[in-house]
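Note: the block below is coords-v1.csv and it holds CSV, C-alpha atoms and all ligand atoms.
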```csv
chain,number,residue,atom,x,y,z
A,1,MET,CA,-20.4,-62.8,27.6
A,2,LEU,CA,-22.3,-60.0,29.3
A,3,LYS,CA,-19.1,-59.1,31.1
A,4,GLU,CA,-17.2,-58.9,27.7
A,5,ILE,CA,-19.8,-56.5,26.4
A,6,ASP,CA,-19.7,-54.3,29.5
A,7,ASN,CA,-15.9,-54.2,29.2
A,8,HIS,CA,-16.1,-52.9,25.6
A,9,LEU,CA,-18.7,-50.4,26.7
A,10,SER,CA,-16.5,-48.9,29.4
A,11,ASP,CA,-13.4,-49.1,27.1
A,12,ILE,CA,-15.0,-47.0,24.4
A,13,LYS,CA,-16.0,-44.3,26.8
A,14,LYS,CA,-12.4,-43.6,27.4
A,15,ILE,CA,-11.3,-43.8,23.8
A,16,SER,CA,-9.9,-40.8,22.0
A,17,ILE,CA,-9.2,-41.1,18.3
A,18,LYS,CA,-6.5,-38.8,17.0
A,19,SER,CA,-6.2,-39.5,13.3
A,20,LEU,CA,-8.1,-40.9,10.4
A,21,ASP,CA,-5.8,-43.9,10.5
A,22,GLU,CA,-6.7,-44.7,14.1
A,23,LEU,CA,-10.4,-44.3,13.2
A,24,GLU,CA,-10.1,-46.8,10.4
A,25,GLN,CA,-8.3,-49.3,12.8
A,26,PHE,CA,-11.2,-48.7,15.3
A,27,ARG,CA,-13.8,-49.4,12.7
A,28,ILE,CA,-12.1,-52.5,11.5
A,29,LYS,CA,-11.7,-53.8,15.1
A,30,PHE,CA,-15.5,-53.6,15.7
A,31,PHE,CA,-17.2,-53.8,12.3
A,32,SER,CA,-15.1,-55.8,10.0
A,33,LYS,CA,-16.3,-59.4,9.0
A,34,LYS,CA,-14.3,-60.9,11.8
A,35,GLY,CA,-14.6,-57.9,14.1
A,36,ILE,CA,-16.0,-57.8,17.6
A,37,ILE,CA,-19.6,-56.9,16.8
A,38,PRO,CA,-20.2,-59.7,14.2
A,39,SER,CA,-18.5,-62.2,16.4
A,40,LEU,CA,-20.7,-61.2,19.4
A,41,PHE,CA,-23.8,-61.7,17.2
A,42,ALA,CA,-22.4,-65.1,16.1
A,43,LYS,CA,-22.2,-66.2,19.7
A,44,LEU,CA,-25.9,-65.4,20.3
A,45,LYS,CA,-26.9,-68.8,18.8
A,46,ASP,CA,-25.1,-70.6,21.7
A,47,ILE,CA,-27.0,-68.7,24.3
A,48,ASP,CA,-30.2,-69.9,25.9
A,49,VAL,CA,-33.3,-68.7,24.0
A,50,ASP,CA,-34.8,-66.9,27.0
A,51,LYS,CA,-31.6,-64.9,27.5
A,52,ARG,CA,-31.0,-64.2,23.8
A,53,LYS,CA,-33.2,-61.1,23.7
A,54,LYS,CA,-31.4,-59.4,26.5
A,55,PHE,CA,-28.0,-60.2,25.0
A,56,GLY,CA,-29.0,-59.1,21.6
A,57,ALA,CA,-30.2,-55.7,23.0
A,58,LYS,CA,-26.9,-55.3,24.8
A,59,ILE,CA,-24.9,-56.0,21.6
A,60,ASN,CA,-27.1,-53.6,19.7
A,61,ASP,CA,-26.4,-50.9,22.3
A,62,LEU,CA,-22.7,-51.4,21.9
A,63,LYS,CA,-23.0,-51.3,18.1
A,64,ILE,CA,-24.9,-48.0,18.1
A,65,LYS,CA,-22.5,-46.4,20.5
A,66,ILE,CA,-19.5,-47.4,18.4
A,67,GLY,CA,-21.3,-46.1,15.3
A,68,GLU,CA,-21.8,-42.7,17.1
A,69,ILE,CA,-18.1,-42.6,18.0
A,70,ILE,CA,-17.1,-43.3,14.4
A,71,ASP,CA,-19.4,-40.5,13.0
A,72,LYS,CA,-18.3,-37.9,15.6
A,73,SER,CA,-14.6,-38.6,15.2
A,74,LYS,CA,-15.0,-38.5,11.4
A,75,ASP,CA,-16.5,-35.0,11.6
A,76,GLU,CA,-13.9,-33.7,14.0
A,77,LEU,CA,-11.0,-35.1,12.1
A,78,SER,CA,-12.3,-33.8,8.8
A,79,VAL,CA,-12.6,-30.2,10.2
A,80,VAL,CA,-9.0,-30.4,11.4
A,81,SER,CA,-7.8,-31.6,8.0
A,82,ASN,CA,-9.8,-29.0,6.1
A,83,ASN,CA,-8.4,-26.3,8.3
A,84,LYS,CA,-5.0,-27.6,7.5
A,85,ASN,CA,-5.7,-27.0,3.8
A,86,VAL,CA,-6.8,-23.4,4.4
A,87,VAL,CA,-3.9,-22.3,6.6
A,88,ASP,CA,-0.8,-24.3,6.3
A,89,TYR,CA,1.8,-22.3,8.3
A,90,THR,CA,4.6,-24.3,6.8
A,91,LEU,CA,4.1,-23.0,3.3
A,92,PRO,CA,6.1,-20.0,2.1
A,93,ALA,CA,4.1,-16.7,2.4
A,94,ASP,CA,2.4,-15.3,-0.6
A,95,PHE,CA,4.6,-12.7,-2.4
A,96,LEU,CA,3.2,-9.3,-1.7
A,97,LYS,CA,3.1,-7.2,-4.9
A,98,LEU,CA,3.7,-3.5,-4.5
A,99,GLY,CA,2.0,-1.2,-6.9
A,100,SER,CA,3.5,1.9,-8.4
A,101,ARG,CA,2.2,5.4,-9.0
A,102,HIS,CA,1.1,6.3,-12.5
A,103,PRO,CA,3.6,8.5,-14.3
A,104,ILE,CA,0.9,11.1,-14.9
A,105,SER,CA,0.4,11.3,-11.1
A,106,ILE,CA,4.1,11.4,-10.5
A,107,VAL,CA,4.6,14.4,-12.7
A,108,LYS,CA,1.4,16.1,-11.5
A,109,ASN,CA,2.7,15.8,-7.9
A,110,LYS,CA,6.1,17.2,-8.9
A,111,ILE,CA,4.4,20.2,-10.5
A,112,ILE,CA,2.1,20.8,-7.5
A,113,ASP,CA,5.2,20.6,-5.2
A,114,ILE,CA,7.0,23.3,-7.2
A,115,PHE,CA,4.1,25.7,-7.1
A,116,SER,CA,3.0,24.9,-3.5
A,117,LYS,CA,6.5,25.9,-2.3
A,118,ILE,CA,6.0,29.4,-3.8
A,119,GLY,CA,2.6,30.0,-2.3
A,120,PHE,CA,0.1,28.5,-4.7
A,121,ASN,CA,-2.8,26.5,-3.3
A,122,ILE,CA,-4.6,23.7,-5.2
A,123,SER,CA,-8.1,24.1,-6.6
A,124,GLU,CA,-10.4,21.8,-8.5
A,125,GLY,CA,-13.6,22.0,-10.5
A,126,PRO,CA,-16.1,19.7,-12.1
A,127,GLU,CA,-15.3,17.7,-15.3
A,128,ILE,CA,-18.9,18.3,-16.6
A,129,GLU,CA,-19.0,22.1,-17.1
A,130,ASP,CA,-21.5,24.6,-18.2
A,131,ASP,CA,-20.9,26.9,-21.1
A,132,TRP,CA,-20.2,30.0,-18.9
A,133,HIS,CA,-17.3,28.5,-17.1
A,134,ASN,CA,-15.7,26.7,-20.0
A,135,PHE,CA,-16.2,29.4,-22.6
A,136,THR,CA,-18.2,32.5,-22.1
A,137,ALA,CA,-16.6,33.8,-18.9
A,138,LEU,CA,-13.2,33.1,-20.5
A,139,ASN,CA,-13.9,35.7,-23.1
A,140,LEU,CA,-15.2,33.2,-25.7
A,141,PRO,CA,-18.8,34.3,-26.4
A,142,GLU,CA,-21.1,32.2,-28.5
A,143,TYR,CA,-20.0,32.0,-32.2
A,144,HIS,CA,-16.5,33.1,-31.2
A,145,PRO,CA,-14.2,31.4,-33.8
A,146,ALA,CA,-11.7,30.4,-31.1
A,147,ARG,CA,-14.2,27.9,-29.7
A,148,ASP,CA,-13.2,25.8,-32.7
A,149,MET,CA,-9.7,25.5,-31.3
A,150,GLN,CA,-11.0,22.9,-28.9
A,151,ASP,CA,-13.5,20.3,-30.3
A,152,THR,CA,-16.0,19.8,-27.6
A,153,PHE,CA,-18.0,16.8,-26.3
A,154,TYR,CA,-21.5,18.1,-25.4
A,155,VAL,CA,-23.4,16.4,-22.7
A,156,SER,CA,-26.6,18.4,-23.4
A,157,LYS,CA,-27.7,21.3,-25.5
A,158,ASN,CA,-29.7,24.2,-24.2
A,159,PRO,CA,-28.8,24.5,-21.4
A,160,ASP,CA,-25.3,23.6,-22.6
A,161,TYR,CA,-23.4,21.2,-20.5
A,162,LEU,CA,-20.1,19.8,-21.8
A,163,LEU,CA,-17.0,17.9,-20.8
A,164,ARG,CA,-14.6,20.7,-20.0
A,165,THR,CA,-12.0,21.2,-22.7
A,166,HIS,CA,-9.5,22.8,-20.4
A,167,THR,CA,-8.8,23.5,-16.8
A,168,SER,CA,-9.2,27.2,-17.4
A,169,SER,CA,-12.8,26.8,-16.3
A,170,VAL,CA,-11.4,26.3,-12.7
A,171,GLN,CA,-9.9,29.8,-13.0
A,172,ILE,CA,-13.4,31.3,-13.3
A,173,ARG,CA,-14.8,29.2,-10.5
A,174,HIS,CA,-12.0,30.2,-8.2
A,175,MET,CA,-12.2,33.9,-9.0
A,176,GLU,CA,-16.0,33.8,-8.5
A,177,ASN,CA,-15.6,32.4,-5.1
A,178,ASN,CA,-12.4,34.0,-3.8
A,179,GLU,CA,-11.1,37.6,-3.4
A,180,PRO,CA,-7.6,38.6,-4.6
A,181,PRO,CA,-4.9,38.0,-3.8
A,182,ILE,CA,-5.3,34.7,-5.6
A,183,ARG,CA,-2.5,32.2,-6.2
A,184,THR,CA,-3.8,28.8,-7.3
A,185,ILE,CA,-3.1,25.8,-9.5
A,186,SER,CA,-5.8,23.5,-10.8
A,187,PRO,CA,-4.9,20.0,-11.9
A,188,GLY,CA,-7.5,17.9,-13.6
A,189,ARG,CA,-8.7,15.9,-16.6
A,190,VAL,CA,-10.0,17.5,-19.7
A,191,TYR,CA,-11.7,16.2,-22.8
A,192,ARG,CA,-11.6,16.9,-26.5
A,193,ASN,CA,-13.3,15.4,-29.5
A,194,GLU,CA,-10.0,14.5,-31.2
A,195,ASP,CA,-8.8,11.5,-33.1
A,196,ILE,CA,-6.7,9.1,-31.0
A,197,SER,CA,-3.1,8.8,-32.1
A,198,ALA,CA,0.4,8.6,-30.7
A,199,ARG,CA,0.3,12.4,-30.1
A,200,SER,CA,-3.4,13.1,-29.2
A,201,HIS,CA,-6.1,11.6,-27.2
A,202,CYS,CA,-9.8,12.3,-26.4
A,203,PHE,CA,-8.9,13.0,-22.8
A,204,PHE,CA,-5.8,14.1,-21.1
A,205,HIS,CA,-4.6,16.1,-18.0
A,206,GLN,CA,-3.8,19.7,-17.5
A,207,ILE,CA,-2.6,22.0,-14.8
A,208,GLU,CA,-3.8,25.6,-14.8
A,209,GLY,CA,-2.1,28.4,-12.9
A,210,LEU,CA,-3.6,31.7,-11.8
A,211,TYR,CA,-2.2,34.7,-9.9
A,212,ILE,CA,-4.3,37.8,-9.3
A,213,ASP,CA,-3.1,40.7,-7.1
A,214,LYS,CA,-2.3,44.4,-7.3
A,215,ASN,CA,0.5,45.3,-9.7
A,216,VAL,CA,1.1,41.8,-11.1
A,217,SER,CA,3.1,42.2,-14.3
A,218,PHE,CA,4.5,40.2,-17.2
A,219,VAL,CA,7.8,40.1,-15.4
A,220,ASP,CA,6.2,38.1,-12.5
A,221,LEU,CA,4.9,35.6,-15.0
A,222,LYS,CA,8.2,35.2,-16.7
A,223,GLN,CA,10.1,34.8,-13.5
A,224,THR,CA,7.7,32.3,-12.1
A,225,LEU,CA,7.8,30.2,-15.3
A,226,LEU,CA,11.6,30.4,-15.3
A,227,HIS,CA,11.6,29.1,-11.7
A,228,PHE,CA,9.3,26.3,-12.7
A,229,THR,CA,11.3,25.1,-15.7
A,230,GLU,CA,14.5,25.2,-13.7
A,231,GLN,CA,12.9,23.0,-11.0
A,232,LEU,CA,11.1,20.5,-13.2
A,233,PHE,CA,13.5,20.2,-16.2
A,234,GLY,CA,16.7,21.6,-14.8
A,235,LYS,CA,16.7,24.0,-17.8
A,236,SER,CA,17.1,27.8,-17.4
A,237,LYS,CA,17.0,29.0,-21.0
A,238,ILE,CA,13.4,30.0,-21.9
A,239,ARG,CA,11.6,32.2,-24.3
A,240,LEU,CA,8.1,33.6,-24.5
A,241,ARG,CA,6.8,33.5,-28.0
A,242,PRO,CA,3.8,35.8,-28.8
A,243,SER,CA,0.6,33.8,-29.2
A,244,TYR,CA,-3.2,34.1,-28.9
A,245,PHE,CA,-5.6,33.0,-26.3
A,246,PRO,CA,-9.0,34.7,-25.8
A,247,PHE,CA,-8.6,34.8,-22.1
A,248,THR,CA,-5.2,36.4,-21.9
A,249,GLU,CA,-3.8,39.7,-23.3
A,250,PRO,CA,-1.0,39.7,-24.2
A,251,SER,CA,-0.7,35.9,-24.7
A,252,ALA,CA,2.4,33.8,-25.1
A,253,GLU,CA,3.8,30.4,-25.4
A,254,LEU,CA,6.6,29.3,-23.3
A,255,ASP,CA,9.5,27.4,-25.0
A,256,ILE,CA,12.4,25.9,-23.2
A,257,TYR,CA,15.8,25.3,-24.7
A,258,TRP,CA,16.1,21.5,-24.6
A,259,GLY,CA,19.4,21.3,-26.4
A,260,LEU,CA,20.6,19.4,-29.4
A,261,ASN,CA,22.9,16.9,-27.9
A,262,SER,CA,21.4,13.6,-29.2
A,263,GLU,CA,19.7,12.3,-32.2
A,264,ALA,CA,16.5,12.2,-30.1
A,265,ASP,CA,16.9,15.9,-29.2
A,266,HIS,CA,17.0,16.7,-32.9
A,267,ARG,CA,13.9,14.6,-33.5
A,268,ILE,CA,11.7,16.0,-30.7
A,269,THR,CA,12.7,19.6,-31.2
A,270,LYS,CA,12.5,19.3,-35.0
A,271,GLY,CA,16.1,20.4,-35.2
A,272,THR,CA,15.6,23.7,-33.4
A,273,GLY,CA,16.6,22.7,-29.9
A,274,TRP,CA,13.4,24.5,-28.6
A,275,LEU,CA,10.4,22.9,-27.1
A,276,GLU,CA,6.9,24.3,-26.5
A,277,ILE,CA,5.8,23.7,-22.9
A,278,LEU,CA,2.7,25.8,-22.1
A,279,GLY,CA,0.4,28.6,-22.9
A,280,CYS,CA,0.2,31.7,-20.8
A,281,GLY,CA,-0.5,35.4,-20.6
A,282,MET,CA,-1.9,38.3,-18.6
A,283,VAL,CA,-5.5,37.7,-17.6
A,284,ASP,CA,-7.8,39.6,-20.0
A,285,PRO,CA,-9.6,42.5,-18.2
A,286,ASN,CA,-12.9,41.1,-19.6
A,287,VAL,CA,-12.3,37.8,-17.7
A,288,LEU,CA,-11.7,39.7,-14.5
A,289,GLU,CA,-14.9,41.7,-15.0
A,290,ASN,CA,-16.8,38.5,-15.7
A,291,CYS,CA,-15.7,37.3,-12.2
A,292,LYS,CA,-16.5,40.6,-10.6
A,293,ILE,CA,-12.9,41.5,-10.0
A,294,ASP,CA,-12.1,45.2,-10.8
A,295,PRO,CA,-9.5,45.3,-13.6
A,296,ASN,CA,-8.5,48.8,-12.6
A,297,LYS,CA,-7.4,47.6,-9.2
A,298,PHE,CA,-6.1,44.1,-10.0
A,299,SER,CA,-4.2,42.4,-12.6
A,300,GLY,CA,-2.9,38.8,-13.0
A,301,TYR,CA,-1.3,36.1,-15.1
A,302,ALA,CA,-2.4,32.7,-16.0
A,303,PHE,CA,-0.9,29.6,-17.6
A,304,GLY,CA,-2.0,26.2,-18.6
A,305,MET,CA,0.0,23.0,-19.5
A,306,GLY,CA,-0.7,19.5,-20.6
A,307,ILE,CA,0.7,16.9,-18.1
A,308,GLU,CA,0.9,14.1,-20.7
A,309,ARG,CA,3.1,16.2,-22.9
A,310,ILE,CA,5.5,17.1,-20.0
A,311,THR,CA,5.6,13.5,-18.8
A,312,MET,CA,6.4,12.3,-22.3
A,313,LEU,CA,9.3,14.8,-22.5
A,314,LEU,CA,10.7,13.9,-19.0
A,315,TYR,CA,10.6,10.2,-19.5
A,316,GLN,CA,11.0,10.1,-23.3
A,317,ILE,CA,7.7,8.4,-24.0
A,318,GLU,CA,6.8,8.3,-27.6
A,319,ASP,CA,3.1,7.4,-27.6
A,320,ILE,CA,0.5,9.0,-25.4
A,321,ARG,CA,-1.7,5.9,-25.6
A,322,THR,CA,0.7,4.0,-23.4
A,323,PHE,CA,-0.6,6.1,-20.4
A,324,TYR,CA,-4.1,4.6,-20.6
A,325,GLU,CA,-3.4,1.0,-21.6
A,326,ASN,CA,-2.6,-0.1,-18.0
A,327,ASP,CA,0.1,-2.4,-19.2
A,328,ILE,CA,1.9,-3.3,-16.0
A,329,ARG,CA,5.2,-3.7,-17.8
A,330,PHE,CA,5.0,0.0,-18.7
A,331,LEU,CA,3.7,1.2,-15.4
A,332,GLN,CA,6.3,-0.7,-13.3
A,333,GLN,CA,9.1,1.2,-14.9
A,334,PHE,CA,8.2,4.3,-12.8
A,335,LYS,CA,8.5,2.5,-9.5
A,336,SER,CA,11.6,4.3,-8.5
A,337,SER,CA,10.4,7.7,-9.5
A,338,ILE,CA,7.8,8.1,-6.7
A,401,LIG,N1,-6.5,26.6,-21.8
A,401,LIG,C1,-5.4,26.6,-22.8
A,401,LIG,C2,-5.5,25.3,-23.5
A,401,LIG,O1,-6.2,24.4,-23.1
A,401,LIG,C3,-4.1,26.6,-22.1
A,401,LIG,C4,-3.9,28.0,-21.5
A,401,LIG,C5,-3.3,29.0,-22.3
A,401,LIG,C6,-4.3,28.3,-20.2
A,401,LIG,C7,-3.1,30.2,-21.7
A,401,LIG,C8,-4.1,29.6,-19.7
A,401,LIG,C9,-3.5,30.5,-20.5
A,401,LIG,O2,-4.5,29.9,-18.5
A,401,LIG,O3,-3.3,31.7,-19.9
A,401,LIG,O4,-4.9,25.2,-24.6
```
What is this file in structure tokens?
Amino acid sequence: MLKEIDNHLSDIKKISIKSLDELEQFRIKFFSKKGIIPSLFAKLKDIDVDKRKKFGAKINDLKIKIGEIIDKSKDELSVVSNNKNVVDYTLPADFLKLGSRHPISIVKNKIIDIFSKIGFNISEGPEIEDDWHNFTALNLPEYHPARDMQDTFYVSKNPDYLLRTHTSSVQIRHMENNEPPIRTISPGRVYRNEDISARSHCFFHQIEGLYIDKNVSFVDLKQTLLHFTEQLFGKSKIRLRPSYFPFTEPSAELDIYWGLNSEADHRITKGTGWLEILGCGMVDPNVLENCKIDPNKFSGYAFGMGIERITMLLYQIEDIRTFYENDIRFLQQFKSSI
């Protein structure tokens, strides 16, 4: 019987258990009711009393070693099977979802491209502005009625900080920090305290343009805007309608001839065929002076446009709110426009 136990002890040293099934067979072989360990203990009673102790200790030793092998194998096999659950190389790969650029960004980039190619750089300014850059330096002193043209969100009063109502504030910052010649466009987000509807929102995006040099005239403005409308809309019939902005003199609004080919054209142009695109004009000498640029030496033009409005025209989007809802079904339609 001692020999039998020794044989088992040397057998289990060599054992390697490769699956949970094998482990269960191993456990049954030694520990089940009729397994090796219980049957060895059963044989003890036939052994002489004086040798029983020694035999019992030997069987216990075998029992403990087998228990250890079972525990160790269980741990190792469960790590392997857990890992299998995490990385199963036989499964099909996860579908990689590609995002798409937001239509506002697409159109903003198109406009930037057009102006970069004719020598404009890009400038940016803060969205929280002071009164000077948003109003006063733009020839809108306190109590100027034109301040009411843009309902303002104030962040603080006295000193006045506000959410900029237009990107014209970046004109001022750029002129304060740069010498002419200046050719810059300033894209950015602007805020107005307006009711939210299909046509207006409390924030939107604008692009501002500014050109300051010697002998800049209205002709330069008109020619640049014609180039822009040809590039962006493919339309070359434009008109400059007299208008008013405190920071430009003279001021104008640029209309493009959209055409009257479809029922939609009639609707969006209110039956005229013309569409208003942006505001512009020659920079008011007061504004140049506010930025320490001599109006007797330099002149310039400026323009500003809403990116949402242009995007709505280009893609025939009816409701401005769809830009901000992040509905993936809407956004994915612009995948091919990048
Ligand atoms: N800042 C004007 C607005 O928000 C747009 C504008 C009009 C900008 C004329 C200009 C300009 O630079 O010359 O409505």
Best match for closeness to ligand LIG 401 (chain A) among A:Arg52, A:Lys214, A:His133, A:Arg321, counting all atoms listed in the file: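 Counting all atoms listed in the file, the residue closest to ligand LIG 401 (chain A) is A:His133.
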Atom pair atom CA of A:Asp61 / atom CA of A:Ser19: separation (Å):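 Going from atom CA of A:Asp61 over to atom CA of A:Ser19 covers 24.9 Å.
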Atom CA of A:Thr272 to atom CA of A:Leu240, distance in Å rounded to a single decimal: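 Computing the Euclidean distance for atom CA of A:Thr272 and atom CA of A:Leu240 yields 15.3 Å.
The closest residue to A:Phe203, picked from A:Val283, A:Ile106, A:Leu288, A:Ile307 and counting only C-alpha atoms, is A:Ile307.
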Nearby residues, ligand LIG 401 (chain A), 8 Å, all atoms listed in the file, as a PyMOL selection string: chain A and resi 150+165-168+171+206+208-210+245+247-248+251-253+278-283+301-306
Kindly assemble as CSV a list of the stretch 178-228 of chain A residues that lie within 12 Å of stretch 323-329 of chain A, each paired with its nearest atom pair and their distance in Å to one decimal, using only C-alpha atoms, sorted first by chain and then by ascending residue number.
```
residue,atom,partner,partner_atom,distance
A:Ile196,CA,A:Tyr324,CA,11.6
A:Ala198,CA,A:Phe323,CA,10.6
A:Arg199,CA,A:Phe323,CA,11.6
A:Ser200,CA,A:Phe323,CA,11.6
A:His201,CA,A:Tyr324,CA,9.8
A:Cys202,CA,A:Tyr324,CA,11.2
A:Phe203,CA,A:Tyr324,CA,9.9
A:Phe204,CA,A:Phe323,CA,9.6
A:His205,CA,A:Phe323,CA,11.0
```
Residues within 12 Å of A:Ile114, all atoms listed in the file, excluding chain neighbours under 6 positions, as an MDAnalysis selection string: chainID A and resid 107:108 120:122 185 209 224:233
Residues within 7 Å of A:Leu138, all atoms listed in the file, excluding chain neighbours under 2 positions, as a list in words: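 The residues satisfying every condition are Asn134, Phe135, Thr136, Leu140, Pro246, Phe247 and Val287 of chain A.
All residues that come within 12 Å of the coordinates (-9.7, 32.1, -3.3), counting only C-alpha atoms, are given as Phe120, Asn121, Ile122, Ser123, Glu124, Val170, Gln171, Ile172, Arg173, His174, Met175, Glu176, Asn177, Asn178, Glu179, Pro180, Pro181, Ile182, Arg183, Thr184, Ile185, Leu210, Tyr211, Ile212, Asp213, Cys291 and Ile293 of chain A.
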Atom CA of A:Leu62 to atom CA of A:Ser32, distance in Å rounded to a single decimal: 14.8 Å
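Taking only C-alpha atoms into account, A:Glu22 lies nearest to A:Ile70 out of the set A:Leu2, A:Ile70, A:Val190, A:Ala42.
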From A:Ile118, A:Leu9, A:Leu163, A:Met1, residue lying nearest A:Ile47 [all atoms listed in the file]: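 So, comparing all the options, the nearest one is A:Met1.
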Shortest interatomic distance to A:Ser105 - which of A:Val219, A:Ala93, A:Ile310, A:Ala137, counting all atoms listed in the file: A:Ile310
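Residue nearest A:Leu77, chosen from A:Ser100, A:Asp21, A:Asn215, A:Leu44 and counting only C-alpha atoms: A:Asp21.
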